[in-house]
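Peer 1: Would you mind keeping the following structure in view while I ask a few things?
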Amino acid sequence: MARDKLPALARRIGVRLKARGLELATAESCTGGWIAQAMTSVPGSSEWFDRGFVTYSNGAKKELLGVRARTLSRHGAVSEATARKWRPGRSRAAARRLWSR
């Protein structure tokens with residue numbers, strides 16, 4: 001996605017999340033927090049953006065996202081299989097929270 005289009009997309013996402021009473025959490029690796037930065041640059045985003053995880057290392061992916069070492073060794077850190085295993089925070093998140101990958 002072109003960098004100049006991201007702010008408008010973030011605003012549209014925020015409007016939709018707020019209208020539905022949902023919150024967003026992101027889990028990023030290679031993007032290094034770029035998505036979370038775009039979301040938090042929107043005024044009022046604290047009403048719908050909960051948190052962002054930047055998990056660049058395999059250790060962070062295991063600890064914070066619940067990715068198994070076996071998945072990482074079989075498929076690598078940058079793979080669809082690994083991303084599908086991401087579970088941001090693995091905490092007792094509110095039922096109305098929306099997690100993104």
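Naming works like this for the structure tokens: A, B, ... for the chains as they're shown, residue 1 at the start of each chain, ligands 1 onward in shown order.
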If you run DSSP on the backbone here, which positions in chain A get alpha helix (DSSP H)? Please write them as a PyMOL selection string.

Peer 2: chain A and resi 6-20+34-40+58-65+69-75+80-84

Peer 1: Point out the residue among A:Arg68, A:Arg20, A:Arg11, A:Arg51 with the least atom-to-atom distance to Trp86 (chain A), counting only C-alpha atoms.

Peer 2: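 Of A:Arg68, A:Arg20, A:Arg11, A:Arg51, the one nearest Trp86 (chain A) is A:Arg68, counting only C-alpha atoms.
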
Peer 1: If we count only C-alpha atoms, what is near His75 (chain A) at a cut-off of 12 Å, once residues fewer than 6 positions away on the same chain are taken out, given as a list in words?

Peer 2: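 The residues satisfying every condition are Asn58, Val67, Arg68, Ala69, Ala81, Thr82, Ala83, Arg84 and Lys85 of chain A.
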
Peer 1: Looking at A:Lys5, A:Val15, A:Gly59, A:Val54, which one is nearest to Ser29 (chain A), with distances taken over only C-alpha atoms?

Peer 2: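 Answer, going by the shortest atom-to-atom distance: A:Val54.
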